[in-house]
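One file, structure.cif, carrying mmCIF, C-alpha atoms:
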```cif
data_start
#
loop_
_atom_site.group_PDB
_atom_site.id
_atom_site.type_symbol
_atom_site.label_atom_id
_atom_site.label_comp_id
_atom_site.auth_asym_id
_atom_site.auth_seq_id
_atom_site.Cartn_x
_atom_site.Cartn_y
_atom_site.Cartn_z
ATOM 1 C CA MET A 74 64.124 15.854 19.563
ATOM 2 C CA SER A 75 60.873 15.741 17.689
ATOM 3 C CA ARG A 76 58.961 18.994 17.760
ATOM 4 C CA ILE A 77 55.834 17.261 16.518
ATOM 5 C CA GLY A 78 56.019 14.312 18.911
ATOM 6 C CA LYS A 79 56.255 16.543 21.997
ATOM 7 C CA LYS A 80 52.830 18.101 21.449
ATOM 8 C CA PRO A 81 49.837 16.208 22.857
ATOM 9 C CA VAL A 82 46.966 15.550 20.433
ATOM 10 C CA PRO A 83 43.776 17.326 21.605
ATOM 11 C CA VAL A 84 40.635 15.172 21.558
ATOM 12 C CA PRO A 85 37.437 17.117 20.669
ATOM 13 C CA SER A 86 34.312 16.726 22.781
ATOM 14 C CA ASN A 87 32.404 14.786 20.089
ATOM 15 C CA VAL A 88 35.195 12.158 19.822
ATOM 16 C CA THR A 89 35.860 9.298 22.234
ATOM 17 C CA ALA A 90 39.380 7.885 22.338
ATOM 18 C CA THR A 91 40.124 4.624 24.135
ATOM 19 C CA LEU A 92 43.590 3.295 24.867
ATOM 20 C CA SER A 93 44.243 -0.394 25.506
ATOM 21 C CA GLY A 94 47.919 -1.213 25.700
ATOM 22 C CA ARG A 95 49.464 0.036 22.447
ATOM 23 C CA ASP A 96 46.137 0.237 20.580
ATOM 24 C CA VAL A 97 44.412 3.591 20.114
ATOM 25 C CA LYS A 98 40.747 3.480 19.051
ATOM 26 C CA VAL A 99 38.964 6.668 18.058
ATOM 27 C CA LYS A 100 35.209 6.913 17.555
ATOM 28 C CA GLY A 101 33.489 10.003 16.189
ATOM 29 C CA PRO A 102 30.465 11.166 14.202
ATOM 30 C CA LYS A 103 31.751 9.723 10.893
ATOM 31 C CA GLY A 104 32.977 6.341 12.111
ATOM 32 C CA GLU A 105 35.638 4.474 14.012
ATOM 33 C CA LEU A 106 39.379 4.041 13.334
ATOM 34 C CA SER A 107 42.271 2.441 15.187
ATOM 35 C CA PHE A 108 46.075 2.580 15.223
ATOM 36 C CA ARG A 109 48.686 0.365 16.867
ATOM 37 C CA VAL A 110 51.571 2.389 18.330
ATOM 38 C CA PRO A 111 55.074 0.902 17.765
ATOM 39 C CA GLU A 112 56.783 -0.926 20.640
ATOM 40 C CA GLN A 113 59.336 1.856 21.154
ATOM 41 C CA LEU A 114 56.596 4.286 22.253
ATOM 42 C CA THR A 115 53.957 4.589 24.965
ATOM 43 C CA VAL A 116 50.615 6.372 24.827
ATOM 44 C CA ALA A 117 48.802 8.126 27.662
ATOM 45 C CA GLN A 118 45.555 10.078 27.852
ATOM 46 C CA ASP A 119 45.115 13.034 30.206
ATOM 47 C CA ASN A 120 43.153 16.321 30.270
ATOM 48 C CA GLY A 121 41.319 15.509 27.024
ATOM 49 C CA ALA A 122 44.533 14.937 25.078
ATOM 50 C CA ILE A 123 46.626 11.978 23.958
ATOM 51 C CA ALA A 124 50.380 12.167 24.577
ATOM 52 C CA VAL A 125 52.973 9.949 22.869
ATOM 53 C CA THR A 126 56.310 9.381 24.628
ATOM 54 C CA MET A 127 59.404 7.304 23.917
ATOM 55 C CA VAL A 128 60.244 4.297 26.103
ATOM 56 C CA GLU A 129 63.961 4.976 25.623
ATOM 57 C CA ASP A 130 65.748 7.453 23.394
ATOM 58 C CA THR A 131 66.918 5.447 20.385
ATOM 59 C CA LYS A 132 67.221 6.412 16.732
ATOM 60 C CA GLN A 133 64.243 4.275 15.724
ATOM 61 C CA ALA A 134 62.106 5.555 18.605
ATOM 62 C CA ARG A 135 62.797 9.156 17.566
ATOM 63 C CA ALA A 136 61.839 8.257 13.978
ATOM 64 C CA MET A 137 58.527 6.726 15.085
ATOM 65 C CA TRP A 138 57.646 9.395 17.659
ATOM 66 C CA GLY A 139 56.449 12.204 15.375
ATOM 67 C CA MET A 140 54.906 9.767 12.897
ATOM 68 C CA SER A 141 52.788 8.079 15.581
ATOM 69 C CA ARG A 142 51.548 11.392 16.943
ATOM 70 C CA THR A 143 50.568 12.488 13.423
ATOM 71 C CA MET A 144 48.803 9.159 12.779
ATOM 72 C CA ILE A 145 46.680 9.665 15.905
ATOM 73 C CA GLN A 146 45.910 13.230 14.844
ATOM 74 C CA ASN A 147 44.872 11.954 11.389
ATOM 75 C CA LEU A 148 42.503 9.435 13.021
ATOM 76 C CA ILE A 149 40.806 12.195 15.000
ATOM 77 C CA LYS A 150 40.482 14.467 11.949
ATOM 78 C CA GLY A 151 39.159 11.543 9.897
ATOM 79 C CA VAL A 152 36.326 10.644 12.273
ATOM 80 C CA THR A 153 35.293 14.296 12.682
ATOM 81 C CA ASP A 154 35.756 15.899 9.233
ATOM 82 C CA GLY A 155 36.888 13.116 6.900
ATOM 83 C CA TYR A 156 39.280 13.392 3.971
ATOM 84 C CA SER A 157 38.654 14.014 0.286
ATOM 85 C CA GLN A 158 40.743 14.091 -2.873
ATOM 86 C CA THR A 159 39.622 15.362 -6.287
ATOM 87 C CA LEU A 160 41.089 14.103 -9.548
ATOM 88 C CA GLU A 161 40.677 15.810 -12.921
ATOM 89 C CA ILE A 162 40.825 13.950 -16.220
ATOM 90 C CA HIS A 163 42.163 15.940 -19.191
ATOM 91 C CA GLY A 164 42.141 14.678 -22.764
ATOM 92 C CA VAL A 165 39.815 14.179 -25.719
ATOM 93 C CA GLY A 166 37.489 11.275 -24.971
ATOM 94 C CA PHE A 167 38.937 10.741 -21.495
ATOM 95 C CA ARG A 168 36.204 10.160 -18.903
ATOM 96 C CA ALA A 169 35.166 8.097 -15.916
ATOM 97 C CA ALA A 170 32.005 6.287 -14.806
ATOM 98 C CA LEU A 171 30.938 4.226 -11.828
ATOM 99 C CA GLN A 172 30.086 0.543 -12.227
ATOM 100 C CA GLY A 173 27.809 -0.126 -9.298
ATOM 101 C CA LYS A 174 29.203 0.964 -5.950
ATOM 102 C CA ASP A 175 32.406 -1.048 -5.934
ATOM 103 C CA LYS A 176 34.129 -0.305 -9.290
ATOM 104 C CA ILE A 177 35.174 2.729 -11.291
ATOM 105 C CA GLN A 178 35.611 2.556 -15.057
ATOM 106 C CA MET A 179 37.949 5.017 -16.766
ATOM 107 C CA GLN A 180 38.566 5.664 -20.437
ATOM 108 C CA VAL A 181 42.022 7.205 -20.592
ATOM 109 C CA GLY A 182 43.332 6.556 -24.090
ATOM 110 C CA TYR A 183 43.907 2.804 -24.054
ATOM 111 C CA SER A 184 42.232 0.298 -26.376
ATOM 112 C CA HIS A 185 40.374 -1.029 -23.335
ATOM 113 C CA ASP A 186 38.583 0.568 -20.394
ATOM 114 C CA VAL A 187 40.424 0.616 -17.082
ATOM 115 C CA ILE A 188 38.303 -0.901 -14.309
ATOM 116 C CA HIS A 189 39.523 -0.355 -10.735
ATOM 117 C CA PRO A 190 37.889 -1.708 -7.537
ATOM 118 C CA ILE A 191 36.838 0.792 -4.870
ATOM 119 C CA PRO A 192 37.896 -0.246 -1.348
ATOM 120 C CA ALA A 193 35.376 -0.468 1.487
ATOM 121 C CA GLY A 194 34.872 2.702 3.483
ATOM 122 C CA VAL A 195 35.591 5.008 0.532
ATOM 123 C CA ASP A 196 32.936 6.975 -1.348
ATOM 124 C CA VAL A 197 33.626 7.828 -5.006
ATOM 125 C CA LYS A 198 31.582 10.246 -7.115
ATOM 126 C CA VAL A 199 32.066 11.132 -10.777
ATOM 127 C CA GLY A 200 31.008 14.582 -11.948
ATOM 128 C CA GLY A 201 31.792 17.458 -14.236
ATOM 129 C CA ALA A 202 30.334 18.407 -17.597
ATOM 130 C CA LYS A 203 32.132 15.590 -19.413
ATOM 131 C CA GLN A 204 32.415 13.097 -16.512
ATOM 132 C CA ASP A 205 35.952 14.352 -16.031
ATOM 133 C CA GLN A 206 36.125 14.812 -12.254
ATOM 134 C CA ILE A 207 36.451 12.085 -9.638
ATOM 135 C CA LEU A 208 35.770 12.947 -5.981
ATOM 136 C CA ILE A 209 37.166 10.412 -3.513
ATOM 137 C CA SER A 210 36.158 10.785 0.137
ATOM 138 C CA GLY A 211 36.417 8.728 3.301
ATOM 139 C CA ILE A 212 37.566 8.753 6.910
ATOM 140 C CA ASP A 213 40.926 6.999 6.473
ATOM 141 C CA LYS A 214 43.547 9.370 5.002
ATOM 142 C CA GLN A 215 45.812 6.554 3.845
ATOM 143 C CA VAL A 216 43.079 4.686 1.928
ATOM 144 C CA VAL A 217 41.755 7.866 0.249
ATOM 145 C CA GLY A 218 45.247 8.948 -0.808
ATOM 146 C CA GLN A 219 46.198 5.469 -1.987
ATOM 147 C CA LEU A 220 43.100 5.150 -4.206
ATOM 148 C CA ALA A 221 43.746 8.602 -5.698
ATOM 149 C CA ALA A 222 47.374 7.675 -6.419
ATOM 150 C CA GLU A 223 46.383 4.367 -8.038
ATOM 151 C CA LEU A 224 43.807 6.043 -10.313
ATOM 152 C CA ARG A 225 46.306 8.753 -11.274
ATOM 153 C CA ALA A 226 48.952 6.125 -12.072
ATOM 154 C CA TYR A 227 46.861 4.680 -14.922
ATOM 155 C CA ARG A 228 47.603 7.778 -17.022
ATOM 156 C CA LYS A 229 49.889 10.347 -15.453
ATOM 157 C CA PRO A 230 49.719 13.823 -16.998
ATOM 158 C CA GLU A 231 52.217 14.194 -19.806
ATOM 159 C CA PRO A 232 54.194 17.427 -20.257
ATOM 160 C CA TYR A 233 53.499 18.159 -23.950
ATOM 161 C CA GLN A 234 49.711 18.367 -24.144
ATOM 162 C CA GLY A 235 48.795 17.937 -20.472
ATOM 163 C CA LYS A 236 46.622 14.871 -21.096
ATOM 164 C CA GLY A 237 46.081 12.454 -18.249
ATOM 165 C CA VAL A 238 44.732 12.178 -14.718
ATOM 166 C CA ARG A 239 45.890 14.826 -12.248
ATOM 167 C CA TYR A 240 45.093 16.028 -8.771
ATOM 168 C CA GLN A 241 42.922 19.124 -8.583
ATOM 169 C CA GLY A 242 45.188 22.159 -8.476
ATOM 170 C CA GLU A 243 48.279 20.194 -9.539
ATOM 171 C CA TYR A 244 50.619 22.185 -11.764
ATOM 172 C CA ILE A 245 51.944 20.335 -14.796
ATOM 173 C CA PHE A 246 55.246 21.661 -16.135
ATOM 174 C CA ARG A 247 54.650 22.014 -19.869
ATOM 175 C CA LYS A 248 57.352 21.480 -22.491
ATOM 176 C CA GLU A 249 57.602 22.903 -25.955
ATOM 177 C CA GLY A 250 57.255 20.348 -28.745
ATOM 178 C CA LYS A 251 59.577 19.656 -31.680
ATOM 179 C CA LYS A 252 60.318 22.539 -33.991
ATOM 180 C CA LYS A 253 60.686 22.264 -37.766
#
```
What is this structure when it is put down as structure tokens?
Amino acid sequence: MSRIGKKPVPVPSNVTATLSGRDVKVKGPKGELSFRVPEQLTVAQDNGAIAVTMVEDTKQARAMWGMSRTMIQNLIKGVTDGYSQTLEIHGVGFRAALQGKDKIQMQVGYSHDVIHPIPAGVDVKVGGAKQDQILISGIDKQVVGQLAAELRAYRKPEPYQGKGVRYQGEYIFRKEGKKK
């Protein structure tokens, strides 16, 4: 049995959650998000909390139970606090810049600049002394994390000199180079 799925998700006073069939819509101070619960589960709201239960106990229903509860919890946290991810760019001449409000341009060691579109609902800021920090923030955890992963994938940190794009606080296992 899922330990996560059993717990009801508390809804804060500044958030309104509406249930219509399998759709859960959450509206808060930062915006509005929605999630469609899988067919194997049902959703109910009582005492200022949202509870997710299984229709019948199958393997797939158990797999979806904890995930759906966590998705609803992420919606509530997103519309109240929001999510943010910080990337650091390490390397000589490596930097980032914004092109308008919908594109980010990164120089990460290629012969050309990498230009990546910024999805709607996500705010991106470039800072640091050498334009080497990218702050991604938004209300949807999946979109913020996906954009951070896509930007990091352009130049993953390499183990010899540590050059590349990394998450803030990420530890890079360093290797010793060739010896003579």
(42.1, 11.1, 22.2) in this file's frame - what residues fall within 8 Å of it? Use all atoms listed in the file and give the answer as a CSV table (one decimal) with C-alpha atoms, keeping the file's coordinate frame.
```csv
chain,number,residue,atom,x,y,z
A,82,VAL,CA,47.0,15.6,20.4
A,83,PRO,CA,43.8,17.3,21.6
A,84,VAL,CA,40.6,15.2,21.6
A,85,PRO,CA,37.4,17.1,20.7
A,88,VAL,CA,35.2,12.2,19.8
A,89,THR,CA,35.9,9.3,22.2
A,90,ALA,CA,39.4,7.9,22.3
A,91,THR,CA,40.1,4.6,24.1
A,99,VAL,CA,39.0,6.7,18.1
A,118,GLN,CA,45.6,10.1,27.9
A,121,GLY,CA,41.3,15.5,27.0
A,122,ALA,CA,44.5,14.9,25.1
A,123,ILE,CA,46.6,12.0,24.0
A,145,ILE,CA,46.7,9.7,15.9
A,149,ILE,CA,40.8,12.2,15.0
```
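Proximity to A:Val181 at 8 Å, evaluated using only C-alpha atoms and with sequence-adjacent residues fewer than 5 positions away removed, yields A:Gly164, A:Gly166, A:Phe167, A:Arg168, A:Asp186, A:Val187, A:Tyr227, A:Arg228, A:Gly237.
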Surrounding residues of A:Val110 excluding itself and chain neighbours under 3 positions, 9 Å, only C-alpha atoms, as a ChimeraX atom specification: /A:94-97,113-116,125,137,141
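Note on the selection: in this file the PyMOL selection byres ((chain A and resi 171) around 10) comes out as Ala169, Ala170, Gln172, Gly173, Lys174, Asp175, Lys176, Ile177, Gln178, Met179, Ile188, His189, Ile191, Val197, Lys198, Val199 and Ile207 of chain A.
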All residues 10 Å or closer to A:Met144, only C-alpha atoms, same chain fewer than 5 positions away omitted, as a ChimeraX atom specification: /A:107-110,139,149-150,214-215
Two-atom distance - atom CA of A:Gln146, atom CA of A:Leu220 (Å): 20.9 Å
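Taking atom CA of A:Gly211 as the reference point, atom CA of A:Gln180 is found at 24.0 Å.
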Pairwise distance for atom CA of A:Lys248 and atom CA of A:Gly182, rounded to one decimal in Å: 20.5 Å
Non-local contacts of A:Asn147 (9 Å; all atoms listed in the file; under 5 positions in same chain excluded) as a PyMOL selection string: chain A and resi 142+152+213-214
